[in-house]
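Report on one structure; see the data block that follows.
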Amino acid sequence: MTEPGRTPSGGLWVYQAALELASKEEHQVVVIGSGPGAALAAVMLAKAGLEILVLEEGDFYPVDSVRQFSVNEMQTKYRNGGLTMALGNPIIQFVEGRCLGGGSEINSGLHHRLPDEVVWRWSAEQALPDLTPASLRDCFEAVEKELSVSLMPSGTVPLNSLVIKEGADTLGWNCLEVPRWRQYTPENPVGYRQTMTETFLPQAQKAGARIVCGAKVERLEYSCGAWKVDVRTGGPDNLRTIRAETVFLGAGAIGSSVILKRSGLGEGRSPGLHLHPTVKIVAQFDREINQLDSGVPVHQVKEFGSGMSIGGSISSPHYLAVSMASRPGGLAVVRDKWPCLAVYYATVVPEGRGSVTVLPGFSEPVVRYRLTKRDLAALTLALKRLGRLLLAAGAQRLYPSVLSMPPLDSPSALEGMGDLIPAKALELMTIHLTSTNAMSGTPILGMVDEQGRVWGTRGLYVCDASILCSAPGVNPQGPLMALVRRNTARYLGD
């Protein structure tokens, strides 16, 4: 048995997979995954009196056991140490959490509601007449209350975030502070992170749910009125099968797609992998704007609608080094100037689509993504706008995530990029993966119905970002949790 961790909201215990799964083979509900969607489904189901078993592939790390945004965190909590890629031209690096609590444990908890125009578009395009802003409003409000979503206390916003506001104010652009999953107290103005291991998972456990780490689900099969769940608990020979009346699948946009493909499940049509391709600039100032505990900036520019967003990224020395490693002399700049450096990003909602392919004999899927020419033009424009913002805030030198591009120091240098940066020169990444099992009112348009049930199955529901109809243009955690709250409430009502 893994040593129990302690959280402000109570005790959280996780169990050694092989021993726990051997103790009982029949379960009422199995929840696969423990990220925001899966954890919310688990606590709602457990509080409704159902017998719940949560299976998590990764390990449990109490929230303060690993320094946030450190190399150690990347090595322990990220899948493949954060070095996973979607093949294409260009290649897009993406990151996923692989630990109890999923992505909530490694991000800053920025919370957005789904823009109304996106809700109406999804409703029309995916034949979802019951999906309206009004149908989600109470769900957003409930999640925000439960996770203490709030703005930072006055005077505590970090300098690397205020840079965004300063540049936006100079240009007259719309800029806002994004609230976070954080509980602030007079004793701790920095706030307590409201991750899943601090909130919903302890609550689910208190309501009777059992949580197992180190349990990787390989495939599912419906047989004799129940689901057979094949779970790997270690080496290649440690495969165990349990049974469940109902399964809630929350392994992420990649993981859930892999499990369904290996299981031959789902009569719906996947719209493909959607994401927010992201370009970055390391900005150098003549003043210190960065500290070891600065965290992720909370300001974002929303001047250009839901199709383009500008904000700030992790700027610890380790992450700065990763961003500057491909530049001659870049690591020396980080070593000597890191307090005056910070990473900023611009992201777009693209036309492109991706795919997740499972190959026989391989443990990891092949992920591909193709950007269109229009997407490349949008990213070029987004990079120019990001550069303008940072120069307006007083940046002296800009280091774009473009191979072989020299540092930039003026608006004219930004315009020198042209209208279309070659795909092979762009260094792109993303942290938002969605839509591989999109909701729809018909299997012609998506993999799951309006309650998240996989088309053509009984008792199999998806509860992660793969059910989003497309890349939402905002951090997907808030929209996902509102949808999962709505879907799970409907399941319990049925």
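Chains: A, B, ... in order of the structure tokens. Residues: from 1 per chain. Ligands: from 1, in order shown.
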> Got a sec to tell me which of region 217-336 of chain A DSSP assigns to alpha helix (DSSP H), as a PyMOL selection string?
Replying inline: chain A and resi 252-263+317-324+330-336
Generate a file of the selected residues that holds N, CA and C atoms, formatted as a PDB file, in the first residue's frame.
```pdb
ATOM      1  N   GLY A 252      -8.249  11.063 -20.906  1.00  0.00           N
ATOM      2  CA  GLY A 252      -7.695  12.138 -21.713  1.00  0.00           C
ATOM      3  C   GLY A 252      -7.973  11.944 -23.190  1.00  0.00           C
ATOM      4  N   ALA A 253      -7.772  13.011 -23.962  1.00  0.00           N
ATOM      5  CA  ALA A 253      -8.095  12.968 -25.386  1.00  0.00           C
ATOM      6  C   ALA A 253      -7.297  11.904 -26.130  1.00  0.00           C
ATOM      7  N   ILE A 254      -6.065  11.665 -25.704  1.00  0.00           N
ATOM      8  CA  ILE A 254      -5.265  10.618 -26.333  1.00  0.00           C
ATOM      9  C   ILE A 254      -5.596   9.264 -25.704  1.00  0.00           C
ATOM     10  N   GLY A 255      -5.529   9.178 -24.379  1.00  0.00           N
ATOM     11  CA  GLY A 255      -5.690   7.907 -23.688  1.00  0.00           C
ATOM     12  C   GLY A 255      -7.047   7.266 -23.905  1.00  0.00           C
ATOM     13  N   SER A 256      -8.123   8.039 -23.829  1.00  0.00           N
ATOM     14  CA  SER A 256      -9.458   7.470 -24.031  1.00  0.00           C
ATOM     15  C   SER A 256      -9.636   6.986 -25.459  1.00  0.00           C
ATOM     16  N   SER A 257      -9.093   7.737 -26.421  1.00  0.00           N
ATOM     17  CA  SER A 257      -9.166   7.306 -27.814  1.00  0.00           C
ATOM     18  C   SER A 257      -8.437   5.983 -28.009  1.00  0.00           C
ATOM     19  N   VAL A 258      -7.277   5.832 -27.376  1.00  0.00           N
ATOM     20  CA  VAL A 258      -6.507   4.588 -27.500  1.00  0.00           C
ATOM     21  C   VAL A 258      -7.294   3.413 -26.929  1.00  0.00           C
ATOM     22  N   ILE A 259      -7.882   3.587 -25.747  1.00  0.00           N
ATOM     23  CA  ILE A 259      -8.626   2.496 -25.115  1.00  0.00           C
ATOM     24  C   ILE A 259      -9.808   2.090 -25.985  1.00  0.00           C
ATOM     25  N   LEU A 260     -10.549   3.042 -26.515  1.00  0.00           N
ATOM     26  CA  LEU A 260     -11.690   2.711 -27.371  1.00  0.00           C
ATOM     27  C   LEU A 260     -11.243   2.018 -28.650  1.00  0.00           C
ATOM     28  N   LYS A 261     -10.156   2.476 -29.249  1.00  0.00           N
ATOM     29  CA  LYS A 261      -9.669   1.852 -30.475  1.00  0.00           C
ATOM     30  C   LYS A 261      -9.202   0.429 -30.218  1.00  0.00           C
ATOM     31  N   ARG A 262      -8.470   0.218 -29.136  1.00  0.00           N
ATOM     32  CA  ARG A 262      -8.016  -1.143 -28.824  1.00  0.00           C
ATOM     33  C   ARG A 262      -9.183  -2.071 -28.520  1.00  0.00           C
ATOM     34  N   SER A 263     -10.278  -1.496 -28.051  1.00  0.00           N
ATOM     35  CA  SER A 263     -11.442  -2.294 -27.676  1.00  0.00           C
ATOM     36  C   SER A 263     -12.417  -2.483 -28.826  1.00  0.00           C
ATOM     37  N   PRO A 317      13.658  29.110 -14.492  1.00  0.00           N
ATOM     38  CA  PRO A 317      14.908  28.977 -15.247  1.00  0.00           C
ATOM     39  C   PRO A 317      14.965  27.712 -16.095  1.00  0.00           C
ATOM     40  N   HIS A 318      14.412  26.606 -15.597  1.00  0.00           N
ATOM     41  CA  HIS A 318      14.437  25.361 -16.366  1.00  0.00           C
ATOM     42  C   HIS A 318      13.616  25.490 -17.644  1.00  0.00           C
ATOM     43  N   TYR A 319      12.435  26.069 -17.545  1.00  0.00           N
ATOM     44  CA  TYR A 319      11.600  26.212 -18.729  1.00  0.00           C
ATOM     45  C   TYR A 319      12.170  27.255 -19.685  1.00  0.00           C
ATOM     46  N   LEU A 320      12.782  28.307 -19.161  1.00  0.00           N
ATOM     47  CA  LEU A 320      13.468  29.260 -20.029  1.00  0.00           C
ATOM     48  C   LEU A 320      14.585  28.575 -20.806  1.00  0.00           C
ATOM     49  N   ALA A 321      15.300  27.694 -20.129  1.00  0.00           N
ATOM     50  CA  ALA A 321      16.398  26.981 -20.791  1.00  0.00           C
ATOM     51  C   ALA A 321      15.872  26.106 -21.923  1.00  0.00           C
ATOM     52  N   VAL A 322      14.738  25.441 -21.708  1.00  0.00           N
ATOM     53  CA  VAL A 322      14.143  24.622 -22.768  1.00  0.00           C
ATOM     54  C   VAL A 322      13.771  25.501 -23.961  1.00  0.00           C
ATOM     55  N   SER A 323      13.210  26.671 -23.699  1.00  0.00           N
ATOM     56  CA  SER A 323      12.777  27.564 -24.770  1.00  0.00           C
ATOM     57  C   SER A 323      13.952  28.155 -25.539  1.00  0.00           C
ATOM     58  N   MET A 324      15.089  28.294 -24.893  1.00  0.00           N
ATOM     59  CA  MET A 324      16.243  28.956 -25.516  1.00  0.00           C
ATOM     60  C   MET A 324      17.325  27.980 -25.962  1.00  0.00           C
ATOM     61  N   GLY A 330      21.937  30.780 -26.285  1.00  0.00           N
ATOM     62  CA  GLY A 330      20.693  30.958 -25.562  1.00  0.00           C
ATOM     63  C   GLY A 330      20.783  30.569 -24.100  1.00  0.00           C
ATOM     64  N   LEU A 331      21.463  29.472 -23.796  1.00  0.00           N
ATOM     65  CA  LEU A 331      21.574  29.022 -22.407  1.00  0.00           C
ATOM     66  C   LEU A 331      22.386  30.016 -21.575  1.00  0.00           C
ATOM     67  N   ALA A 332      23.354  30.656 -22.186  1.00  0.00           N
ATOM     68  CA  ALA A 332      24.135  31.662 -21.461  1.00  0.00           C
ATOM     69  C   ALA A 332      23.269  32.874 -21.135  1.00  0.00           C
ATOM     70  N   VAL A 333      22.372  33.250 -22.058  1.00  0.00           N
ATOM     71  CA  VAL A 333      21.452  34.362 -21.790  1.00  0.00           C
ATOM     72  C   VAL A 333      20.566  34.021 -20.594  1.00  0.00           C
ATOM     73  N   VAL A 334      20.068  32.798 -20.563  1.00  0.00           N
ATOM     74  CA  VAL A 334      19.212  32.377 -19.440  1.00  0.00           C
ATOM     75  C   VAL A 334      20.010  32.398 -18.139  1.00  0.00           C
ATOM     76  N   ARG A 335      21.218  31.898 -18.178  1.00  0.00           N
ATOM     77  CA  ARG A 335      22.054  31.843 -16.972  1.00  0.00           C
ATOM     78  C   ARG A 335      22.312  33.229 -16.407  1.00  0.00           C
ATOM     79  N   ASP A 336      22.573  34.173 -17.281  1.00  0.00           N
ATOM     80  CA  ASP A 336      22.969  35.504 -16.821  1.00  0.00           C
ATOM     81  C   ASP A 336      21.792  36.463 -16.622  1.00  0.00           C
TER      82      ASP A 336
END
```
I'd like the neighbourhood of region 62-68 of chain A as an mmCIF file with C-alpha atoms, in the first residue's frame, where a residue qualifies if any of its atoms comes within 10 Å (using only C-alpha atoms), though same-chain residues fewer than 6 positions away should be ignored.
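Below is the file result03.cif, written as the result:
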```cif
data_model
loop_
_atom_site.group_PDB
_atom_site.id
_atom_site.type_symbol
_atom_site.label_atom_id
_atom_site.label_comp_id
_atom_site.auth_asym_id
_atom_site.auth_seq_id
_atom_site.Cartn_x
_atom_site.Cartn_y
_atom_site.Cartn_z
ATOM 1 C CA PRO A 4 -1.119 8.011 2.452
ATOM 2 C CA GLY A 5 -0.776 11.695 1.705
ATOM 3 C CA ARG A 6 -2.434 14.428 3.716
ATOM 4 C CA THR A 7 -4.371 17.321 2.217
ATOM 5 C CA LEU A 12 -6.261 10.832 0.722
ATOM 6 C CA MET A 74 8.397 17.173 -15.392
ATOM 7 C CA THR A 76 7.543 12.573 -12.219
ATOM 8 C CA LYS A 77 4.148 14.020 -13.157
ATOM 9 C CA LEU A 100 -3.209 11.166 -9.707
ATOM 10 C CA GLY A 101 -5.235 14.307 -10.421
ATOM 11 C CA GLU A 105 -1.664 18.820 -10.692
ATOM 12 C CA ILE A 106 0.719 20.397 -13.213
ATOM 13 C CA ASN A 107 -1.057 23.529 -14.421
ATOM 14 C CA SER A 108 -1.939 26.809 -12.757
ATOM 15 C CA TYR A 192 -3.776 26.906 -1.847
ATOM 16 C CA ARG A 193 -3.931 25.158 -5.207
ATOM 17 C CA GLN A 194 -7.288 23.443 -5.632
ATOM 18 C CA THR A 195 -6.092 20.415 -7.582
ATOM 19 C CA MET A 196 -8.092 17.204 -7.812
ATOM 20 C CA THR A 197 -5.992 15.581 -5.059
ATOM 21 C CA GLU A 198 -6.908 18.515 -2.800
ATOM 22 C CA ASP A 293 7.913 31.718 -7.444
ATOM 23 C CA GLY A 295 4.114 31.247 -11.391
ATOM 24 C CA ILE A 314 5.908 29.094 -17.201
ATOM 25 C CA SER A 316 11.202 29.199 -14.315
#
```
>> Just the number, please: distance in Å from CA of Asn487 (chain A) to CA of Cys224 (chain A), one decimal.
In response: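 Straight-line distance from CA of Asn487 (chain A) to CA of Cys224 (chain A) works out to 25.9 Å.
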So that I can see what lies close to Asn188 (chain A), please list as a PDB file with N, CA, C and O atoms, in the first residue's frame the residues with an atom at most 12 Å from it, counting only C-alpha atoms and leaving out residues fewer than 4 positions away in the same chain.
```pdb
ATOM      1  N   MET A 152      -6.698  36.952  -7.993  1.00  0.00           N
ATOM      2  CA  MET A 152      -5.630  37.078  -7.014  1.00  0.00           C
ATOM      3  C   MET A 152      -5.895  38.276  -6.097  1.00  0.00           C
ATOM      4  O   MET A 152      -6.463  39.290  -6.538  1.00  0.00           O
ATOM      5  N   PRO A 153      -5.504  38.193  -4.834  1.00  0.00           N
ATOM      6  CA  PRO A 153      -5.664  39.346  -3.940  1.00  0.00           C
ATOM      7  C   PRO A 153      -4.898  40.559  -4.461  1.00  0.00           C
ATOM      8  O   PRO A 153      -3.874  40.424  -5.134  1.00  0.00           O
ATOM      9  N   THR A 156      -0.806  41.169  -5.249  1.00  0.00           N
ATOM     10  CA  THR A 156      -0.058  39.910  -5.321  1.00  0.00           C
ATOM     11  C   THR A 156       0.165  39.421  -6.751  1.00  0.00           C
ATOM     12  O   THR A 156       0.811  38.405  -6.950  1.00  0.00           O
ATOM     13  N   ARG A 182      -8.053  28.457  -6.843  1.00  0.00           N
ATOM     14  CA  ARG A 182      -7.119  28.756  -5.754  1.00  0.00           C
ATOM     15  C   ARG A 182      -7.907  29.301  -4.566  1.00  0.00           C
ATOM     16  O   ARG A 182      -8.832  30.105  -4.730  1.00  0.00           O
ATOM     17  N   GLN A 183      -7.532  28.866  -3.384  1.00  0.00           N
ATOM     18  CA  GLN A 183      -8.182  29.325  -2.161  1.00  0.00           C
ATOM     19  C   GLN A 183      -7.210  30.233  -1.416  1.00  0.00           C
ATOM     20  O   GLN A 183      -6.148  29.797  -0.964  1.00  0.00           O
ATOM     21  N   TYR A 184      -7.583  31.507  -1.303  1.00  0.00           N
ATOM     22  CA  TYR A 184      -6.717  32.496  -0.668  1.00  0.00           C
ATOM     23  C   TYR A 184      -7.167  32.729   0.777  1.00  0.00           C
ATOM     24  O   TYR A 184      -8.360  32.759   1.080  1.00  0.00           O
ATOM     25  N   TYR A 192      -3.885  28.368  -1.763  1.00  0.00           N
ATOM     26  CA  TYR A 192      -3.776  26.906  -1.847  1.00  0.00           C
ATOM     27  C   TYR A 192      -4.301  26.448  -3.200  1.00  0.00           C
ATOM     28  O   TYR A 192      -5.421  26.780  -3.587  1.00  0.00           O
ATOM     29  N   ARG A 193      -3.510  25.689  -3.912  1.00  0.00           N
ATOM     30  CA  ARG A 193      -3.931  25.158  -5.207  1.00  0.00           C
ATOM     31  C   ARG A 193      -5.056  24.145  -5.007  1.00  0.00           C
ATOM     32  O   ARG A 193      -4.945  23.235  -4.199  1.00  0.00           O
TER      33      ARG A 193
END
```
Counting only C-alpha atoms, give me one row per residue of region 408-491 of chain A with an atom at most 12 Å from an atom of region 297-303 of chain A, showing the shortest contact pair and its distance in Å to one decimal, sorted by chain then residue number, as a Markdown table.
```
| residue | atom | partner | partner_atom | distance |
| --- | --- | --- | --- | --- |
| A:Gly473 | CA | A:Lys302 | CA | 10.3 |
| A:Val474 | CA | A:Lys302 | CA | 10.0 |
| A:Asn475 | CA | A:Gln300 | CA | 11.3 |
```
Keeping N, CA, C and O atoms, export the residues of the selection given above as a compact mmCIF listing (two decimals), in the first residue's frame.
```txt
# COMPACT_ATOMS: atom_id res chain seq x y z
N GLY A 473 -10.92 27.48 -27.79
CA GLY A 473 -10.36 28.82 -27.81
C GLY A 473 -10.00 29.35 -26.44
O GLY A 473 -9.47 30.45 -26.33
N VAL A 474 -10.31 28.59 -25.39
CA VAL A 474 -9.95 28.93 -24.01
C VAL A 474 -9.43 27.66 -23.35
O VAL A 474 -9.55 26.55 -23.90
N ASN A 475 -8.85 27.81 -22.15
CA ASN A 475 -8.43 26.62 -21.41
C ASN A 475 -9.62 25.67 -21.30
O ASN A 475 -10.70 26.06 -20.83
```
>> So that I can check the surroundings of region 449-456 of chain A, please list as a PyMOL selection string every protein, DNA and RNA residue that reaches within 9 Å of it, counting only C-alpha atoms and ignoring chain neighbours fewer than 5 positions away.
In response: chain A and resi 128+130-131+248+265-268+437-443+461-463+467+483-484+486-488+490-491
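Among the candidates A:Ser313, A:Ser410, A:Thr430, A:Thr233, the one nearest to Glu57 (chain A) when counting only C-alpha atoms is A:Thr233.
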>> For the structure I just gave you, how does DSSP split region 100-349 of chain A - specifically, which residues are strand (DSSP E or B)? Reply as a ChimeraX atom specification.
In response: /A:110,149-150,175-177,180-185,188-193,210-213,216-223,226-232,239-249,273-275,278-284,299-301,308-312,341-348
> Pick the closest to Pro472 (chain A) from A:Trp122, A:Gly416, A:Gly191, A:Arg269: which is it, counting only C-alpha atoms?
Replying inline: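 Of all the options, A:Trp122 lies closest to Pro472 (chain A).
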> Within 10 Å of Val118 (chain A), counting only C-alpha atoms, which residues qualify if same-chain residues fewer than 4 places away don't, as a ChimeraX atom specification?
Replying inline: /A:114,122-124,132-133,306,469-473
>> I'd like the interatomic distance between CA of Asp464 (chain A) and CA of Gly250 (chain A), to a tenth of an Å.
In response: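 So the answer is 4.8 Å.
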>> Please list as a ChimeraX atom specification every residue within 9 Å of Leu239 (chain A), counting only C-alpha atoms and excluding residues in the same chain fewer than 5 positions away.
In response: /A:218,230-234
Write the residues of the preceding selection, restricted to all heavy atoms, as a compact mmCIF listing (two decimals), in the first residue's frame.
```txt
# COMPACT_ATOMS: atom_id res chain seq x y z
N GLU A 218 -6.05 -1.32 -20.40
CA GLU A 218 -5.64 -1.65 -21.76
C GLU A 218 -6.83 -1.69 -22.71
O GLU A 218 -6.76 -1.17 -23.82
CB GLU A 218 -4.92 -3.00 -21.77
CG GLU A 218 -3.62 -3.02 -20.97
CD GLU A 218 -2.49 -2.36 -21.73
OE1 GLU A 218 -2.67 -2.01 -22.91
OE2 GLU A 218 -1.41 -2.19 -21.14
N ASP A 230 -9.68 -4.76 -18.67
CA ASP A 230 -8.33 -5.33 -18.57
C ASP A 230 -7.38 -4.25 -18.05
O ASP A 230 -7.23 -3.20 -18.68
CB ASP A 230 -7.85 -5.83 -19.93
CG ASP A 230 -8.61 -7.06 -20.39
OD1 ASP A 230 -9.21 -7.74 -19.54
OD2 ASP A 230 -8.61 -7.35 -21.61
N VAL A 231 -6.75 -4.53 -16.92
CA VAL A 231 -5.91 -3.54 -16.23
C VAL A 231 -4.51 -4.10 -16.07
O VAL A 231 -4.31 -5.19 -15.54
CB VAL A 231 -6.49 -3.20 -14.84
CG1 VAL A 231 -5.73 -2.03 -14.23
CG2 VAL A 231 -7.98 -2.88 -14.91
N ARG A 232 -3.52 -3.31 -16.52
CA ARG A 232 -2.11 -3.69 -16.33
C ARG A 232 -1.58 -2.99 -15.09
O ARG A 232 -1.74 -1.78 -14.93
CB ARG A 232 -1.27 -3.32 -17.55
CG ARG A 232 0.12 -3.96 -17.55
CD ARG A 232 0.81 -3.77 -18.89
NE ARG A 232 0.07 -4.35 -20.00
CZ ARG A 232 0.03 -5.65 -20.29
NH1 ARG A 232 0.69 -6.51 -19.53
NH2 ARG A 232 -0.65 -6.08 -21.32
N THR A 233 -0.95 -3.75 -14.21
CA THR A 233 -0.52 -3.21 -12.92
C THR A 233 0.98 -3.27 -12.72
O THR A 233 1.45 -3.28 -11.60
CB THR A 233 -1.21 -3.97 -11.78
OG1 THR A 233 -0.86 -5.36 -11.85
CG2 THR A 233 -2.72 -3.83 -11.86
N GLY A 234 1.73 -3.31 -13.80
CA GLY A 234 3.19 -3.38 -13.66
C GLY A 234 3.82 -3.89 -14.93
O GLY A 234 3.66 -3.30 -16.00
```
> What does the distance between CA of Pro179 (chain A) and CA of Pro277 (chain A) come to in Å, to one decimal place?
Replying inline: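 Those two atoms sit 22.6 Å apart.
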